[in-house]
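Text of the file work39.txt, holding compact mmCIF, C-alpha atoms:
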```txt
# COMPACT_ATOMS: atom_id res chain seq x y z
CA MET A 19 23.07 -4.41 104.03
CA LYS A 20 22.19 -0.84 103.24
CA HIS A 21 24.95 -0.73 100.64
CA ILE A 22 23.59 -3.88 99.01
CA TYR A 23 20.13 -2.28 98.64
CA LEU A 24 21.65 0.82 97.09
CA LEU A 25 23.66 -1.31 94.66
CA LEU A 26 20.56 -3.29 93.62
CA LEU A 27 18.59 -0.08 93.16
CA GLY A 28 21.33 1.36 90.94
CA CYS A 29 21.41 -1.79 88.82
CA CYS A 30 17.64 -1.73 88.39
CA LEU A 31 17.71 1.92 87.31
CA GLY A 32 20.53 1.17 84.90
CA LEU A 33 18.68 -1.78 83.41
CA HIS A 34 15.54 0.34 83.07
CA SER A 35 17.49 3.06 81.23
CA PHE A 36 19.17 0.46 78.99
CA ALA A 37 15.84 -1.22 78.26
CA GLN A 38 14.25 2.13 77.46
CA GLU A 39 17.10 3.02 75.11
CA SER A 40 16.93 -0.39 73.43
CA LEU A 41 13.17 -0.10 73.00
CA GLU A 42 13.47 3.38 71.49
CA SER A 43 16.22 2.17 69.14
CA LEU A 44 14.05 -0.79 68.16
CA VAL A 45 11.10 1.48 67.45
CA ASP A 46 13.28 3.77 65.34
CA LYS A 47 14.59 0.84 63.34
CA GLU A 48 11.07 -0.54 62.89
CA GLU A 49 9.84 2.82 61.61
CA VAL A 50 12.62 2.89 59.03
CA LYS A 51 11.76 -0.64 57.90
CA THR A 52 8.03 -0.09 57.65
CA HIS A 53 8.45 3.01 55.47
CA GLU A 54 10.18 1.06 52.73
CA PRO A 55 8.69 1.48 49.22
CA VAL A 56 6.63 -1.26 47.62
CA ILE A 57 8.50 -2.49 44.56
CA ALA A 58 7.43 -4.25 41.34
CA THR A 59 3.76 -3.29 41.34
CA TYR A 60 4.22 -4.29 37.70
CA LYS A 61 7.25 -5.80 35.98
CA SER A 62 7.03 -3.44 33.01
CA THR A 63 6.33 0.23 32.34
CA ARG A 64 3.20 -1.00 30.51
CA ILE A 65 0.22 -3.05 31.68
CA ILE A 66 -0.74 -4.23 28.18
CA GLN A 67 -1.12 -1.26 25.83
CA GLY A 68 -1.52 1.46 28.45
CA HIS A 69 1.10 2.57 30.94
CA SER A 70 1.69 1.12 34.39
CA PRO A 71 2.90 3.35 37.27
CA GLU A 72 6.44 1.98 36.91
CA THR A 73 9.32 4.18 35.71
CA LEU A 74 12.79 3.19 34.60
CA LYS A 75 15.72 3.46 36.98
CA LYS A 76 18.25 6.24 36.54
CA ARG A 77 20.44 5.72 33.45
CA GLU A 78 18.45 2.67 32.38
CA LEU A 79 17.63 2.32 28.67
CA ASP A 80 14.59 0.29 27.59
CA PHE A 81 14.34 -0.90 23.98
CA ARG A 82 10.71 -1.78 23.23
CA VAL A 83 8.95 -3.52 20.34
CA ALA A 84 5.15 -3.89 20.20
CA HIS A 85 3.22 -5.66 17.44
CA HIS A 86 -0.48 -6.24 16.71
CA PHE A 87 -1.45 -8.82 14.07
CA GLY A 88 -4.70 -9.00 12.09
CA ASP A 89 -8.10 -10.38 13.16
CA LEU A 90 -8.16 -13.93 14.45
CA GLY A 91 -11.71 -14.48 13.18
CA GLY A 92 -14.48 -12.69 11.33
CA GLU A 93 -14.45 -11.48 7.74
CA PHE A 94 -10.72 -10.72 7.66
CA GLY A 95 -9.49 -13.55 9.87
CA GLY A 96 -9.62 -17.33 9.96
CA PRO A 97 -7.47 -19.86 8.05
CA LYS A 98 -7.16 -17.70 4.91
CA THR A 99 -4.98 -15.19 6.83
CA PHE A 100 -3.55 -17.84 9.19
CA PHE A 101 -5.73 -16.34 11.91
CA GLY A 102 -4.31 -12.85 11.42
CA MET A 103 -0.65 -13.83 11.19
CA ASP A 104 -0.46 -12.72 7.54
CA ASN A 105 -1.48 -9.17 8.44
CA SER A 106 0.15 -6.50 10.58
CA ALA A 107 -2.33 -4.10 12.17
CA ASP A 108 0.21 -1.92 13.98
CA ILE A 109 3.91 -1.90 14.95
CA ARG A 110 5.82 0.30 17.41
CA ILE A 111 9.57 0.55 18.03
CA ALA A 112 10.81 2.81 20.82
CA PHE A 113 13.67 3.77 23.12
CA GLU A 114 12.88 4.93 26.64
CA TYR A 115 15.35 6.24 29.23
CA GLY A 116 15.41 6.90 32.97
CA ILE A 117 16.56 10.45 33.76
CA THR A 118 16.09 9.74 37.50
CA ASP A 119 14.49 6.86 39.36
CA ARG A 120 11.19 8.76 39.13
CA LEU A 121 11.39 10.45 35.70
CA MET A 122 11.60 8.71 32.34
CA VAL A 123 11.37 9.96 28.76
CA GLY A 124 11.07 8.20 25.42
CA ILE A 125 10.82 8.44 21.64
CA GLY A 126 9.11 6.03 19.29
CA ARG A 127 7.89 5.34 15.79
CA THR A 128 4.51 3.67 15.26
CA LYS A 129 2.96 2.49 12.03
CA GLY A 130 -0.45 3.73 13.19
CA SER A 131 -3.84 2.14 12.75
CA GLY A 132 -6.62 4.67 12.44
CA ASN A 133 -7.15 8.02 10.80
CA LEU A 134 -3.43 8.84 10.99
CA THR A 135 -0.38 6.72 10.21
CA GLN A 136 3.44 7.13 10.32
CA LEU A 137 3.38 8.40 13.91
CA TYR A 138 6.41 9.83 15.70
CA GLU A 139 5.98 10.03 19.48
CA GLY A 140 7.69 11.72 22.40
CA LEU A 141 6.67 10.79 25.96
CA ALA A 142 7.44 11.48 29.60
CA LYS A 143 6.34 9.84 32.85
CA TYR A 144 6.94 11.00 36.42
CA LYS A 145 6.27 9.05 39.62
CA LEU A 146 4.67 11.41 42.13
CA LEU A 147 4.12 8.98 45.01
CA GLN A 148 5.41 5.51 45.86
CA GLN A 149 3.33 3.08 47.92
CA THR A 150 5.01 2.02 51.19
CA THR A 151 4.92 -1.32 52.98
CA ASP A 152 3.17 0.13 56.07
CA ASP A 153 0.52 2.02 54.03
CA HIS A 154 1.94 5.35 55.17
CA ILE A 155 1.54 6.07 51.45
CA PRO A 156 -1.22 3.67 50.30
CA LEU A 157 -0.94 4.27 46.54
CA THR A 158 1.60 4.68 43.77
CA ILE A 159 0.69 7.65 41.57
CA SER A 160 2.39 8.60 38.29
CA LEU A 161 1.75 11.21 35.60
CA PHE A 162 2.11 10.30 31.92
CA GLY A 163 1.96 12.47 28.83
CA ASN A 164 2.85 12.15 25.17
CA ALA A 165 2.72 14.03 21.89
CA ALA A 166 2.44 12.32 18.50
CA VAL A 167 2.86 13.76 15.01
CA SER A 168 1.89 12.09 11.74
CA GLY A 169 4.32 12.01 8.83
CA MET A 170 1.77 10.75 6.28
CA THR A 171 0.83 12.55 3.09
CA SER A 172 -2.17 14.84 3.55
CA SER A 173 -5.54 13.78 2.16
CA LYS A 174 -6.97 15.96 -0.59
CA THR A 175 -10.47 15.83 0.94
CA ILE A 176 -10.91 18.75 3.35
CA SER A 177 -13.46 16.91 5.55
CA ASP A 178 -11.05 14.03 6.27
CA ALA A 179 -9.24 13.76 9.58
CA SER A 180 -6.03 13.21 7.58
CA TYR A 181 -6.32 16.52 5.70
CA PHE A 182 -3.57 18.79 7.03
CA GLY A 183 -4.12 22.47 6.32
CA LYS A 184 -1.30 23.31 8.70
CA PHE A 185 1.39 21.38 10.57
CA SER A 186 -0.47 21.43 13.90
CA ASP A 187 -3.28 19.37 12.29
CA ARG A 188 -0.89 16.42 12.40
CA MET A 189 -0.59 16.52 16.20
CA SER A 190 -2.35 14.59 18.98
CA TYR A 191 -1.72 14.39 22.72
CA THR A 192 -2.47 12.14 25.69
CA GLY A 193 -2.44 13.06 29.38
CA GLN A 194 -2.97 10.42 32.04
CA LEU A 195 -3.06 10.01 35.81
CA ILE A 196 -1.96 6.50 36.86
CA ILE A 197 -3.25 5.42 40.30
CA ALA A 198 -2.09 1.97 41.40
CA ARG A 199 -1.95 -0.27 44.43
CA LYS A 200 -0.23 -3.58 45.05
CA PHE A 201 -2.73 -5.36 47.32
CA THR A 202 -0.75 -8.57 47.75
CA PRO A 203 2.49 -9.95 46.26
CA SER A 204 0.28 -11.48 43.55
CA LEU A 205 -2.40 -8.81 42.88
CA SER A 206 -1.96 -5.25 41.55
CA LEU A 207 -4.79 -2.99 40.32
CA THR A 208 -4.68 0.36 38.52
CA LEU A 209 -7.08 3.21 37.69
CA LEU A 210 -6.29 5.28 34.58
CA PRO A 211 -8.17 8.59 34.08
CA THR A 212 -7.10 9.71 30.60
CA LEU A 213 -7.62 12.70 28.30
CA VAL A 214 -6.83 12.42 24.58
CA HIS A 215 -6.73 15.59 22.48
CA ARG A 216 -6.51 15.51 18.67
CA ASN A 217 -5.97 18.81 16.89
CA ARG A 218 -7.92 17.63 13.85
CA VAL A 219 -10.73 15.09 13.64
CA GLY A 220 -13.26 13.99 11.04
CA TYR A 221 -16.85 15.15 10.72
CA LYS A 222 -18.93 14.61 13.91
CA ASP A 223 -15.91 13.38 15.85
CA GLN A 224 -14.63 15.01 19.08
CA ASN A 225 -11.29 16.75 19.55
CA ASP A 226 -11.20 15.97 23.28
CA ILE A 227 -12.16 12.58 24.65
CA PHE A 228 -11.98 11.69 28.32
CA ALA A 229 -11.71 7.99 29.13
CA LEU A 230 -11.59 6.03 32.36
CA GLY A 231 -9.32 3.02 32.18
CA GLY A 232 -8.58 0.16 34.51
CA GLY A 233 -5.98 -2.58 34.56
CA GLY A 234 -4.48 -5.26 36.73
CA ARG A 235 -2.03 -8.11 37.12
CA LEU A 236 -2.49 -11.45 38.85
CA LYS A 237 0.75 -13.40 39.31
CA PHE A 238 0.67 -17.20 39.14
CA THR A 239 4.39 -17.73 39.72
CA LYS A 240 7.43 -15.53 40.22
CA ARG A 241 7.79 -15.07 36.44
CA LEU A 242 4.26 -15.60 35.03
CA GLY A 243 1.17 -13.44 35.41
CA LEU A 244 -2.24 -12.64 33.89
CA LEU A 245 -2.89 -9.08 32.65
CA LEU A 246 -6.21 -7.30 32.01
CA GLU A 247 -6.91 -3.80 30.67
CA TYR A 248 -10.08 -1.89 29.74
CA TYR A 249 -10.95 1.70 28.76
CA TYR A 250 -14.35 3.39 28.66
CA PRO A 251 -14.28 6.53 26.44
CA PHE A 252 -16.96 9.13 27.25
CA ARG A 253 -18.34 10.18 23.86
CA SER A 254 -21.39 12.27 23.02
CA GLN A 255 -24.45 10.28 21.96
CA GLU A 256 -24.60 12.30 18.74
CA SER A 257 -21.10 11.16 17.81
CA LYS A 258 -21.87 7.50 18.64
CA ASP A 259 -25.08 7.55 16.59
CA TYR A 260 -23.36 9.13 13.60
CA PHE A 261 -20.55 6.56 13.43
CA LYS A 262 -23.00 3.71 13.91
CA ALA A 263 -25.16 4.98 11.05
CA GLN A 264 -22.06 5.17 8.86
CA GLY A 265 -21.23 1.52 9.60
CA ARG A 266 -18.18 2.59 11.61
CA GLU A 267 -19.36 1.77 15.12
CA LEU A 268 -16.85 2.44 17.89
CA TYR A 269 -16.08 -0.05 20.67
CA ASN A 270 -14.38 0.12 24.05
CA PRO A 271 -10.82 -1.30 24.09
CA LEU A 272 -10.54 -4.53 26.06
CA ALA A 273 -7.34 -6.59 26.24
CA ALA A 274 -5.95 -9.58 28.11
CA GLY A 275 -2.45 -10.99 28.16
CA LEU A 276 0.21 -13.14 29.74
CA GLU A 277 3.36 -11.64 31.23
CA LEU A 278 6.60 -13.63 31.19
CA GLU A 279 9.81 -12.40 32.77
CA THR A 280 13.01 -13.96 31.43
CA GLY A 281 15.95 -12.25 33.09
CA GLY A 282 16.59 -8.99 31.24
CA HIS A 283 13.45 -9.38 29.10
CA VAL A 284 9.80 -8.81 29.93
CA PHE A 285 7.57 -10.46 27.32
CA HIS A 286 3.81 -9.91 26.92
CA ILE A 287 1.55 -12.10 24.78
CA THR A 288 -1.63 -10.08 24.28
CA PHE A 289 -5.17 -10.41 22.91
CA GLY A 290 -7.31 -7.33 22.28
CA ASN A 291 -9.96 -5.80 20.05
CA SER A 292 -8.03 -2.60 19.25
CA THR A 293 -5.78 -2.54 16.22
CA ALA A 294 -3.78 0.53 17.30
CA ILE A 295 -1.00 0.59 19.88
CA LEU A 296 -0.77 4.26 20.95
CA GLU A 297 -3.27 5.71 23.47
CA ASN A 298 -3.87 8.56 21.01
CA GLN A 299 -5.58 6.02 18.71
CA PHE A 300 -6.70 2.87 20.53
CA ILE A 301 -8.75 4.82 23.11
CA THR A 302 -10.50 6.97 20.51
CA GLU A 303 -10.65 4.85 17.32
CA THR A 304 -11.25 1.18 18.20
CA ARG A 305 -13.70 -0.16 15.58
CA SER A 306 -13.31 -3.89 16.24
CA SER A 307 -15.57 -6.13 18.31
CA TRP A 308 -14.66 -9.17 20.40
CA LEU A 309 -18.14 -10.61 19.74
CA GLN A 310 -17.55 -10.56 15.97
CA GLY A 311 -14.17 -12.28 16.19
CA GLN A 312 -12.39 -9.01 15.49
CA PHE A 313 -9.71 -9.42 18.12
CA ARG A 314 -6.07 -10.12 17.49
CA TRP A 315 -3.02 -11.37 19.23
CA GLY A 316 0.17 -9.41 19.62
CA PHE A 317 3.25 -9.06 21.75
CA ASN A 318 5.35 -6.54 23.69
CA ILE A 319 9.07 -7.10 24.15
CA SER A 320 11.12 -5.03 26.58
CA ARG A 321 14.92 -5.27 26.85
CA ARG A 322 16.67 -3.07 29.40
CA PHE A 323 20.30 -1.91 29.48
CA SER A 324 22.17 -0.12 32.26
CA LEU A 325 24.27 2.74 30.87
```

As structure tokens, the full file:
Amino acid sequence: MKHIYLLLLGCCLGLHSFAQESLESLVDKEEVKTHEPVIATYKSTRIIQGHSPETLKKRELDFRVAHHFGDLGGEFGGPKTFFGMDNSADIRIAFEYGITDRLMVGIGRTKGSGNLTQLYEGLAKYKLLQQTTDDHIPLTISLFGNAAVSGMTSSKTISDASYFGKFSDRMSYTGQLIIARKFTPSLSLTLLPTLVHRNRVGYKDQNDIFALGGGGRLKFTKRLGLLLEYYYPFRSQESKDYFKAQGRELYNPLAAGLELETGGHVFHITFGNSTAILENQFITETRSSWLQGQFRWGFNISRRFSL
């Protein structure tokens, strides 16, 4: 009988040790699972015009085309221009490439719609943090920066923003912190503190303009979503008053769009009051108003290739 008790005691201790080991293994596995990164906060590297926190995968090439048409309504829109379809406000063609899963670079050519045209752009974006499924890291944070140079012929009027006394007058830059969170499988929101620097500006304009942007995506289905984007540039009151008195009042960029994913393509149909496509211009030089029918439709097409 004594031997039976000892045998039962040994079995119980063995089961306890096994259970403890199994529990520890289970906990370890659970920790690995819960630290997985949140993916597809956005389907594209852009929200609408501005950047999303997403970067390209390593050795992935993204061919991008963006187009803004003319005004849908107002003085320059309506049936006479087929609601803006006859006019092209701005066009951008670019190639962007993933150096690593967190670092991407790109080059592009933009028509330009503002003080400067014929813009050549170089850009880089780096993902600092990636949101995790257990909120160990609650946000995705990326850094974006670009430099743009104008190839247009210099104005002969010294006071113009497009007068280039030296090559550096052709340059402008954008730096941006992209802070995003995917709240649910359907809802993603983003905060976009942005600084735009232009080496040369017109009379009473500002070389440095800080803007606070915001954007988001609401998915309706697996392949269809609603996009919103807004920027508030912080300008001096003196600058605002001057442009208003000159009949060149500046407005805050506001855009909405639909996102459609079709296999290797991500397609955006957009509506916004800014004519320009690059941050260097649409944040600082939007002179169109939604309330006056001066908004336009456009599109973004993204086609990715694995190299």

Can you pull out every residue within 8 Å of A:Lys61, counting only C-alpha atoms, but drop anything in the same chain fewer than 4 positions away, and send it as a list in words? Glu72, Glu279 and Val284 of chain A

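Atom pair atom CA of A:Phe317 / atom CA of A:Lys75 has a distance of 23.3 Å (rounded to one decimal).
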
Smallest atom-to-atom distance to A:Leu137: which of A:Ala112, A:Leu276, A:Ile117, A:Leu209, using all atoms listed in the file?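 Under the stated criterion, the closest residue is A:Ala112.
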
Could you work out an axis-aligned box for stretch 109-115 of chain A, taking every atom the file lists and adding 4 Å on each side, and report centre and edge lengths in Å to one decimal, as JSON?
```
{"center_x": 9.6, "center_y": 2.2, "center_z": 22.1, "size_x": 19.4, "size_y": 16.1, "size_z": 22.3}
```

Go through A:Ile109, A:Leu161, A:Leu244, A:Ile57 and flag the residue nearest A:Ile319, using all atoms listed in the file for the distances.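 Counting all atoms listed in the file, the residue closest to A:Ile319 is A:Ile109.
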